[in-house]
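coords23.cif, holding mmCIF, C-alpha atoms:
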```cif
data_start
#
loop_
_atom_site.label_atom_id
_atom_site.label_comp_id
_atom_site.auth_asym_id
_atom_site.auth_seq_id
_atom_site.Cartn_x
_atom_site.Cartn_y
_atom_site.Cartn_z
CA MET U 79 34.10 -16.48 -0.22
CA ARG U 80 34.78 -15.51 3.36
CA ARG U 81 34.68 -11.85 2.42
CA GLU U 82 31.29 -12.29 0.80
CA ILE U 83 29.92 -13.96 3.91
CA ALA U 84 31.11 -11.01 5.99
CA VAL U 85 28.61 -8.82 4.09
CA LEU U 86 25.67 -10.97 5.20
CA PRO U 87 25.17 -9.45 8.67
CA LEU U 88 25.23 -6.00 7.11
CA LEU U 89 22.71 -7.10 4.52
CA ALA U 90 20.46 -8.56 7.22
CA ALA U 91 20.75 -5.36 9.24
CA VAL U 92 19.81 -3.26 6.22
CA ILE U 93 16.78 -5.43 5.41
CA PHE U 94 15.49 -5.51 8.97
CA GLY U 95 16.35 -1.86 9.52
CA GLY U 96 14.37 -0.93 6.46
CA PHE U 97 11.46 -2.99 7.68
CA PHE U 98 11.52 -1.34 11.09
CA LEU U 99 11.85 2.10 9.52
CA TRP U 100 8.66 1.40 7.61
CA GLY U 101 6.88 -0.39 10.42
CA LEU U 102 7.66 2.03 13.22
CA ASN U 103 7.01 5.16 11.21
CA PRO U 104 4.64 7.20 13.40
CA ASP U 105 2.84 8.51 10.31
CA ARG U 106 1.85 5.01 9.29
CA ASP U 107 -1.57 3.98 10.52
CA PRO U 108 -1.66 0.19 10.61
CA SER U 109 -5.39 0.16 11.21
CA GLU U 110 -6.08 2.10 8.05
CA ILE U 111 -8.18 0.03 5.71
CA PRO U 112 -7.49 0.56 2.05
CA SER U 113 -10.71 1.41 0.24
CA VAL U 114 -11.61 -0.48 -2.89
CA LEU U 115 -13.86 2.37 -3.95
CA ILE U 116 -11.13 4.83 -4.89
CA SER U 117 -11.24 5.51 -8.65
CA GLN U 118 -14.33 3.33 -8.86
CA PRO U 119 -17.86 4.45 -9.65
CA ALA U 120 -19.96 5.11 -6.57
CA PRO U 121 -21.97 2.07 -5.50
CA GLU U 122 -25.60 1.53 -6.40
CA PHE U 123 -27.96 2.79 -3.72
CA ASP U 124 -31.28 4.53 -3.38
CA LEU U 125 -32.24 6.10 -0.08
CA GLY U 126 -35.42 7.86 0.83
CA PRO U 127 -35.45 11.15 2.73
CA VAL U 128 -35.33 11.42 6.51
CA ASP U 129 -38.84 11.97 7.86
CA GLY U 130 -39.27 15.48 9.16
CA VAL U 131 -36.27 16.92 7.30
CA ASP U 132 -37.02 19.10 4.30
CA ARG U 133 -34.35 17.62 2.09
CA PRO U 134 -34.85 15.04 -0.67
CA GLY U 135 -33.38 11.56 -0.41
CA LEU U 136 -30.14 10.47 -2.00
CA SER U 137 -29.41 7.87 -4.63
CA ARG U 138 -26.59 7.05 -6.98
CA SER U 139 -28.29 8.96 -9.78
CA ASP U 140 -27.77 12.17 -7.78
CA LEU U 141 -24.02 11.65 -7.94
CA VAL U 142 -23.45 10.97 -11.62
CA SER U 143 -24.23 14.28 -13.28
CA ASN U 144 -22.95 17.15 -11.17
CA ASP U 145 -21.18 20.30 -12.34
CA ARG U 146 -18.25 19.57 -10.01
CA ALA U 147 -17.06 17.12 -7.41
CA VAL U 148 -19.35 16.70 -4.42
CA VAL U 149 -18.87 15.51 -0.86
CA VAL U 150 -20.81 12.59 0.59
CA ASN U 151 -20.76 12.53 4.36
CA VAL U 152 -22.05 9.60 6.41
CA PHE U 153 -23.31 10.81 9.76
CA ALA U 154 -25.65 10.00 12.61
CA SER U 155 -27.10 11.95 15.50
CA TRP U 156 -25.85 9.29 17.93
CA CYS U 157 -22.29 9.74 16.69
CA VAL U 158 -20.48 12.16 18.97
CA PRO U 159 -17.54 13.01 16.66
CA CYS U 160 -20.09 13.84 13.95
CA ARG U 161 -21.16 16.77 16.07
CA ALA U 162 -17.67 18.26 15.94
CA GLU U 163 -17.36 17.46 12.28
CA HIS U 164 -20.67 19.13 11.53
CA ALA U 165 -19.17 22.55 12.24
CA VAL U 166 -16.28 21.88 9.85
CA LEU U 167 -18.57 20.71 7.07
CA THR U 168 -20.87 23.67 7.55
CA ARG U 169 -17.89 25.98 7.24
CA LEU U 170 -16.76 24.24 4.06
CA VAL U 171 -20.21 24.67 2.56
CA GLU U 172 -20.52 28.32 3.54
CA ARG U 173 -16.96 29.46 2.93
CA ASP U 174 -15.78 27.25 0.08
CA GLY U 175 -19.10 26.48 -1.53
CA ILE U 176 -18.70 22.72 -1.53
CA ARG U 177 -21.78 20.67 -2.37
CA LEU U 178 -22.56 18.39 0.53
CA PHE U 179 -24.73 15.28 0.45
CA GLY U 180 -25.51 13.27 3.54
CA ILE U 181 -26.20 9.66 4.37
CA ASN U 182 -27.92 9.42 7.72
CA TYR U 183 -26.66 6.11 9.05
CA LYS U 184 -28.82 3.91 11.29
CA ASP U 185 -30.52 6.86 12.86
CA LYS U 186 -34.01 7.48 14.14
CA ALA U 187 -35.73 10.05 11.94
CA GLU U 188 -36.86 12.23 14.85
CA ASP U 189 -33.35 12.21 16.38
CA ALA U 190 -31.78 13.16 13.07
CA ALA U 191 -34.35 15.89 12.48
CA LYS U 192 -33.73 17.35 15.93
CA TRP U 193 -29.96 17.12 15.50
CA LEU U 194 -30.16 19.00 12.20
CA SER U 195 -32.52 21.65 13.50
CA ASP U 196 -30.26 22.22 16.52
CA LEU U 197 -27.00 22.40 14.61
CA GLY U 198 -28.18 23.59 11.22
CA ASN U 199 -28.50 21.69 7.97
CA PRO U 200 -25.68 22.15 5.48
CA TYR U 201 -26.75 19.14 3.39
CA GLU U 202 -28.30 19.48 -0.05
CA ARG U 203 -29.77 16.01 0.10
CA ILE U 204 -29.94 13.45 2.88
CA GLY U 205 -30.66 9.77 2.41
CA SER U 206 -31.80 7.72 5.36
CA ASP U 207 -29.91 4.42 5.70
CA LEU U 208 -31.84 2.73 8.48
CA THR U 209 -30.54 -0.79 7.94
CA GLY U 210 -26.91 0.06 7.22
CA ARG U 211 -27.06 -1.76 3.88
CA THR U 212 -26.01 1.30 1.93
CA GLY U 213 -23.17 1.70 4.41
CA ILE U 214 -21.93 -1.74 3.43
CA GLU U 215 -22.18 -0.80 -0.25
CA TRP U 216 -19.84 2.09 0.52
CA GLY U 217 -17.47 -0.17 2.44
CA LEU U 218 -18.20 1.70 5.64
CA SER U 219 -16.40 0.72 8.82
CA GLY U 220 -17.96 3.33 11.08
CA VAL U 221 -19.31 6.84 11.23
CA PRO U 222 -18.38 9.45 10.34
CA GLU U 223 -16.87 8.76 6.96
CA THR U 224 -16.59 11.24 4.18
CA PHE U 225 -16.17 10.67 0.46
CA ILE U 226 -15.37 12.99 -2.40
CA VAL U 227 -17.14 11.98 -5.59
CA ASP U 228 -16.39 13.64 -8.90
CA GLY U 229 -19.06 15.05 -11.20
CA ASN U 230 -19.48 11.73 -13.00
CA GLY U 231 -19.94 9.65 -9.88
CA VAL U 232 -16.40 8.31 -9.51
CA VAL U 233 -15.17 8.13 -5.93
CA LEU U 234 -11.93 10.11 -5.57
CA PHE U 235 -11.21 10.20 -1.88
CA ARG U 236 -12.29 8.61 1.35
CA TYR U 237 -11.77 9.98 4.81
CA VAL U 238 -12.37 7.63 7.74
CA GLY U 239 -13.29 9.34 10.99
CA PRO U 240 -14.17 12.95 11.68
CA VAL U 241 -12.57 15.68 9.61
CA VAL U 242 -11.69 17.65 12.72
CA GLY U 243 -8.44 19.32 13.70
CA PRO U 244 -5.89 21.25 11.65
CA GLU U 245 -4.14 18.18 10.24
CA ALA U 246 -7.30 16.39 9.12
CA GLU U 247 -8.81 19.57 7.74
CA ALA U 248 -5.65 20.38 5.79
CA ARG U 249 -5.63 16.90 4.27
CA PHE U 250 -9.28 17.14 3.40
CA MET U 251 -8.92 20.64 1.94
CA GLN U 252 -6.09 19.43 -0.25
CA ALA U 253 -8.23 16.56 -1.51
CA LEU U 254 -11.10 18.95 -2.15
CA GLU U 255 -8.87 21.25 -4.16
CA GLN U 256 -7.42 18.40 -6.20
CA ALA U 257 -10.89 17.06 -6.88
CA GLY U 258 -12.15 20.49 -7.88
CA ALA U 259 -14.92 20.43 -5.32
CA ILE U 260 -14.36 24.01 -4.28
CA GLN U 261 -16.43 26.67 -5.92
CA THR U 262 -14.30 28.90 -8.09
CA GLU U 263 -15.10 32.46 -9.12
CA ALA U 264 -15.76 31.37 -12.67
CA GLY U 265 -18.01 28.54 -11.61
CA SER U 266 -20.18 30.55 -9.24
CA MET L 175 -42.24 -28.48 31.38
CA LYS L 176 -41.82 -28.27 27.64
CA ARG L 177 -41.41 -24.53 27.90
CA LEU L 178 -38.80 -24.91 30.59
CA LEU L 179 -36.84 -27.34 28.47
CA LEU L 180 -37.06 -25.01 25.49
CA ALA L 181 -35.87 -22.11 27.61
CA LEU L 182 -32.98 -24.19 28.88
CA ALA L 183 -32.07 -25.29 25.38
CA LEU L 184 -32.23 -21.72 24.11
CA SER L 185 -30.09 -20.49 26.97
CA LEU L 186 -27.30 -22.66 25.60
CA VAL L 187 -27.54 -21.18 22.13
CA PRO L 188 -25.56 -17.95 22.73
CA ILE L 189 -22.68 -19.94 24.18
CA ALA L 190 -22.60 -22.14 21.14
CA ALA L 191 -22.92 -19.24 18.76
CA GLY L 192 -20.49 -16.65 20.04
CA ALA L 193 -21.67 -13.27 18.82
CA VAL L 194 -24.31 -14.66 16.51
CA GLU L 195 -27.66 -13.73 17.98
CA PRO L 196 -30.63 -16.08 17.72
CA ASP L 197 -32.61 -13.73 15.53
CA GLU L 198 -29.84 -13.75 12.95
CA MET L 199 -29.77 -17.49 12.51
CA LEU L 200 -31.20 -19.22 9.51
CA ALA L 201 -33.87 -21.86 9.93
CA ASP L 202 -32.01 -24.28 7.70
CA PRO L 203 -29.16 -25.77 9.80
CA ALA L 204 -27.09 -26.64 6.72
CA LEU L 205 -27.22 -23.07 5.42
CA GLU L 206 -26.56 -21.73 8.92
CA ALA L 207 -23.49 -23.95 9.20
CA ARG L 208 -22.20 -22.60 5.88
CA ALA L 209 -22.87 -19.05 7.04
CA ARG L 210 -20.86 -19.72 10.19
CA GLU L 211 -17.94 -21.08 8.19
CA ILE L 212 -17.96 -18.10 5.84
CA SER L 213 -18.21 -15.68 8.76
CA LYS L 214 -15.08 -17.17 10.30
CA ASP L 215 -13.06 -16.17 7.24
CA LEU L 216 -14.30 -12.58 7.14
CA ARG L 217 -12.61 -9.85 9.10
CA CYS L 218 -14.58 -7.42 11.19
CA VAL L 219 -13.61 -4.02 9.80
CA VAL L 220 -14.12 -2.24 13.12
CA CYS L 221 -12.42 -4.61 15.55
CA GLN L 222 -9.71 -5.76 13.16
CA ASN L 223 -8.17 -9.18 13.71
CA GLN L 224 -11.48 -10.55 14.87
CA ASP L 225 -13.70 -12.49 12.52
CA ILE L 226 -17.26 -11.29 12.10
CA ASP L 227 -18.53 -14.55 13.55
CA SER L 228 -17.25 -13.64 17.00
CA SER L 229 -17.54 -9.87 16.86
CA ASN L 230 -20.28 -7.87 18.53
CA ALA L 231 -19.71 -4.75 16.42
CA GLY L 232 -22.69 -3.38 14.54
CA VAL L 233 -21.06 -3.64 11.15
CA ALA L 234 -20.07 -7.25 11.88
CA ARG L 235 -23.69 -8.05 12.62
CA ASP L 236 -24.77 -6.37 9.39
CA LEU L 237 -22.22 -8.40 7.47
CA ARG L 238 -23.37 -11.62 9.12
CA LEU L 239 -26.93 -10.82 8.09
CA LEU L 240 -25.71 -10.02 4.60
CA VAL L 241 -23.87 -13.34 4.35
CA ARG L 242 -27.08 -15.15 5.31
CA GLU L 243 -29.13 -13.06 2.92
CA ARG L 244 -26.84 -13.94 0.04
CA LEU L 245 -26.89 -17.63 0.99
CA LEU L 246 -30.69 -17.61 1.06
CA ALA L 247 -30.61 -15.99 -2.37
CA GLY L 248 -28.81 -19.11 -3.55
CA GLY L 249 -25.23 -17.89 -3.65
CA SER L 250 -22.36 -20.34 -3.32
CA ASP L 251 -19.80 -19.83 -0.54
CA ALA L 252 -17.35 -18.33 -3.01
CA GLU L 253 -19.97 -15.97 -4.45
CA VAL L 254 -20.93 -14.74 -1.00
CA ILE L 255 -17.32 -14.06 -0.06
CA GLU L 256 -16.76 -12.34 -3.41
CA PHE L 257 -19.81 -10.14 -2.78
CA ILE L 258 -18.33 -8.87 0.49
CA ARG L 259 -14.85 -8.62 -0.96
CA ALA L 260 -16.10 -6.42 -3.79
CA ARG L 261 -17.16 -3.88 -1.15
CA TYR L 262 -14.41 -4.13 1.43
CA GLY L 263 -11.46 -5.40 -0.60
CA ASP L 264 -8.97 -8.15 0.15
CA TYR L 265 -8.61 -6.65 3.58
CA VAL L 266 -11.84 -8.25 4.70
CA LEU L 267 -10.45 -11.73 4.10
CA LEU L 268 -8.65 -13.14 7.11
CA LYS L 269 -6.73 -15.41 4.77
CA PRO L 270 -5.06 -13.22 2.17
CA PRO L 271 -5.30 -14.43 -1.44
CA LEU L 272 -2.22 -15.68 -3.23
CA GLU L 273 -1.24 -13.06 -5.80
CA PRO L 274 1.97 -11.25 -6.81
CA SER L 275 1.61 -8.57 -4.13
CA THR L 276 1.32 -11.21 -1.41
CA TYR L 277 4.07 -13.56 -2.61
CA ALA L 278 6.45 -12.20 0.02
CA LEU L 279 3.86 -12.85 2.71
CA TRP L 280 3.24 -16.42 1.63
CA PHE L 281 6.71 -17.51 0.59
CA ALA L 282 9.06 -15.55 2.86
CA PRO L 283 8.68 -17.94 5.83
CA VAL L 284 9.38 -20.99 3.66
CA ALA L 285 12.25 -19.23 1.91
CA LEU L 286 13.79 -18.18 5.23
CA ILE L 287 13.54 -21.69 6.65
CA LEU L 288 15.14 -23.15 3.53
CA PHE L 289 17.87 -20.53 3.66
CA GLY L 290 18.53 -21.31 7.30
CA LEU L 291 18.66 -25.06 6.66
CA LEU L 292 20.97 -24.57 3.69
CA ALA L 293 23.30 -22.35 5.70
CA GLY L 294 23.28 -24.88 8.52
CA VAL L 295 24.07 -27.76 6.21
CA ILE L 296 26.95 -25.86 4.58
CA VAL L 297 28.48 -24.83 7.88
CA LEU L 298 28.15 -28.27 9.42
CA SER L 299 29.52 -30.13 6.39
CA ARG L 300 32.54 -27.82 6.41
CA ASN L 301 33.28 -28.57 10.03
CA ARG L 302 32.85 -32.30 9.57
CA LYS L 303 35.86 -32.83 7.33
CA PRO L 304 38.87 -30.93 8.63
CA GLU L 305 41.19 -29.83 5.87
CA ALA L 306 43.64 -32.66 5.13
CA VAL L 307 47.23 -31.52 5.34
CA SER L 308 48.27 -31.74 1.75
CA ALA L 309 51.82 -32.21 0.62
CA LEU L 310 53.78 -29.08 -0.24
CA ASN L 311 53.81 -28.21 -3.89
CA GLU L 312 57.02 -28.10 -5.88
CA ASP L 313 57.78 -24.41 -5.39
CA ASP L 314 57.36 -24.69 -1.63
CA GLU L 315 59.47 -27.83 -1.59
CA LYS L 316 62.26 -26.02 -3.40
CA ALA L 317 62.09 -22.99 -1.10
CA VAL L 318 62.27 -25.17 1.97
CA SER L 319 65.21 -27.25 0.74
CA GLU L 320 67.06 -24.13 -0.27
CA PHE L 321 66.47 -22.62 3.15
CA LEU L 322 67.67 -25.79 4.82
CA LYS L 323 70.78 -25.85 2.66
CA ARG L 324 71.57 -22.27 3.51
CA SER L 325 70.99 -22.79 7.22
CA ASP L 326 73.31 -25.82 7.10
CA ALA L 327 75.93 -23.58 5.59
CA GLY L 328 75.52 -21.32 8.63
CA ASP L 329 73.79 -18.50 6.80
CA ALA L 330 70.23 -18.58 8.02
CA SER L 331 69.29 -15.04 7.12
#
```
Show this structure as structure tokens.
Amino acid sequence: MRREIAVLPLLAAVIFGGFFLWGLNPDRDPSEIPSVLISQPAPEFDLGPVDGVDRPGLSRSDLVSNDRAVVVNVFASWCVPCRAEHAVLTRLVERDGIRLFGINYKDKAEDAAKWLSDLGNPYERIGSDLTGRTGIEWGLSGVPETFIVDGNGVVLFRYVGPVVGPEAEARFMQALEQAGAIQTEAGS
Amino acid sequence: MKRLLLALALSLVPIAAGAVEPDEMLADPALEARAREISKDLRCVVCQNQDIDSSNAGVARDLRLLVRERLLAGGSDAEVIEFIRARYGDYVLLKPPLEPSTYALWFAPVALILFGLLAGVIVLSRNRKPEAVSALNEDDEKAVSEFLKRSDAGDAS
């Protein structure tokens, strides 16, 4: 009996040590919010175009019958990180042939139009979400956020924050490859 | 005078309402009270650990408006919370639901307290009754008497 009790401190140390190992892991982001959308169909929404931008609006029906996975990026002209991310997304469209849809979140039409004419417009379609209601449907916690949606409208991946920097871009590229969002020779 | 009183009364509203702005409030005080209660159980997804009722974040405001919109549409408290939960997951609830994945969260404190009490009781009850000196058993008795005999004979080794 006494021998068994002697194991208890060791056991406690192992349990707490394991907990700390998990809790203090620098790769763990405690503020990361798990998305309920992953592996779920994209939410119902129907957004009109942004005034002054020559791209059609975006609705759920545009996401359900695509030849390959597409990227849905939530952005705004007032969002500073979006500016940095814009260059990355443009490169992905031009170099890797991803199909990019945009949701313009709580933005003034003229600001968005100016932003896009200044920086270029890599988006195939842009829906204007003035009220932020569609953002809620997507479980948005801020801008930018980027989703990968497969050809049938099922959400595969969510990236919170700007896809900027080697680490973020590598993670996003990997997700794009796994989702089959990158244009292949055969598909082009 | 009436206007002044109204202005004074309105100036108190923000204090009473935290982050809830006057234009968000519902005309029906009963519904508004329900909305406030629901908002206190919903987490702001931007400024985590704050409920949306007291958060000034844009998304929190949108969610507050959504809660009121659903209440006006005739939803029950549970339906409104479920509506938000369907979009943001369990994470949005400040009080996590009781389900297998949260058993540890809910029961670990109770289990640890019980374990501590049990350990305490065992240790204390042991100390209470010191071991009574029992009589030697037969084998011991024999060994001792033999030893004594031998030492009497002058051969103690």
Between CA of Arg203 (chain U) and CA of Pro127 (chain U) lies a distance of 7.9 Å
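Minimum atom-to-atom distance to Leu268 (chain L), evaluated using only C-alpha atoms, belongs to L:Leu216 out of L:Leu286, L:Cys221, L:Leu216, L:Arg300.
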Could you tell me which of U:Ser117, U:Thr209, U:Asn151, U:Asn182 comes closest to chain L if we count all atoms listed in the file? U:Thr209
Carefully work through the PyMOL selection byres ((chain L) within 9 of (chain U)) for this structure and note down the residues it includes, as a PyMOL selection string. chain L and resi 218-220+222+232-233+236-237+240+258-265
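Applied to this file, the PyMOL selection byres ((chain U and resi 223) around 9) selects the residues U:Val150, U:Asn151, U:Val152, U:Phe153, U:Leu218, U:Ser219, U:Gly220, U:Val221, U:Pro222, U:Thr224, U:Phe225, U:Arg236, U:Tyr237, U:Val238, U:Gly239, U:Pro240, U:Val241.
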On this file, the PyMOL selection byres ((chain U and resi 131-134) around 7) gives some set of residues; write that set as a short mmCIF file (atom, residue, chain, number, x, y, z; two decimals) with C-alpha atoms, keeping the file's coordinate frame.
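Result file result_13.cif:
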```cif
data_model
loop_
_atom_site.label_atom_id
_atom_site.label_comp_id
_atom_site.auth_asym_id
_atom_site.auth_seq_id
_atom_site.Cartn_x
_atom_site.Cartn_y
_atom_site.Cartn_z
CA PRO U 127 -35.45 11.15 2.73
CA VAL U 128 -35.33 11.42 6.51
CA ASP U 129 -38.84 11.97 7.86
CA GLY U 130 -39.27 15.48 9.16
CA GLY U 135 -33.38 11.56 -0.41
CA LEU U 136 -30.14 10.47 -2.00
CA ALA U 191 -34.35 15.89 12.48
CA GLU U 202 -28.30 19.48 -0.05
CA ARG U 203 -29.77 16.01 0.10
CA ILE U 204 -29.94 13.45 2.88
#
```
What does the distance from CA of Ala207 (chain L) to CA of Asp227 (chain L) come to in Å, to one decimal? 11.5 Å
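CA of Ser139 (chain U) is found 27.8 Å from CA of Trp156 (chain U).
If all atoms listed in the file are the atoms counted, then among U:Ala147, U:Ala90, U:Gly180, U:Thr212 the closest residue to Ala257 (chain U) is U:Ala147.
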Neighbour list for Phe250 (chain U) as a PyMOL selection string, cut-off 10 Å, only C-alpha atoms, skip fewer than 2 positions in-chain: chain U and resi 224-226+235-237+241-242+244-248+252-256
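When all atoms listed in the file are used to compute distances to Arg210 (chain L), the closest of the residues L:Lys269, L:Lys316, L:Lys176, L:Arg242 turns out to be L:Arg242.
With all atoms listed in the file as the atoms that count, the residue of U:Tyr201, U:Lys186, U:Asn230, U:Val142 with the shortest distance to Leu170 (chain U) is U:Tyr201.
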Near Asp251 (chain L), counting all atoms listed in the file, which residues have an atom at most 12 Å away, once you skip same-chain residues fewer than 2 positions from it, shown as a VMD selection string? chain L and resid 205 to 213 215 to 216 241 to 242 244 to 249 253 to 258
Surrounding residues of Asp196 (chain U) excluding itself and chain neighbours under 6 positions, 12 Å, all atoms listed in the file, as a PyMOL selection string: chain U and resi 155+161+164-165+189-190
Mind giving me the axis-aligned box for region 139-146 of chain U with 3 Å on every side, centre plus edges in Å to one decimal, as lines of an AutoDock Vina configuration file?
```
center_x = -23.3
center_y = 14.6
center_z = -10.5
size_x = 16.0
size_y = 17.3
size_z = 11.5
```
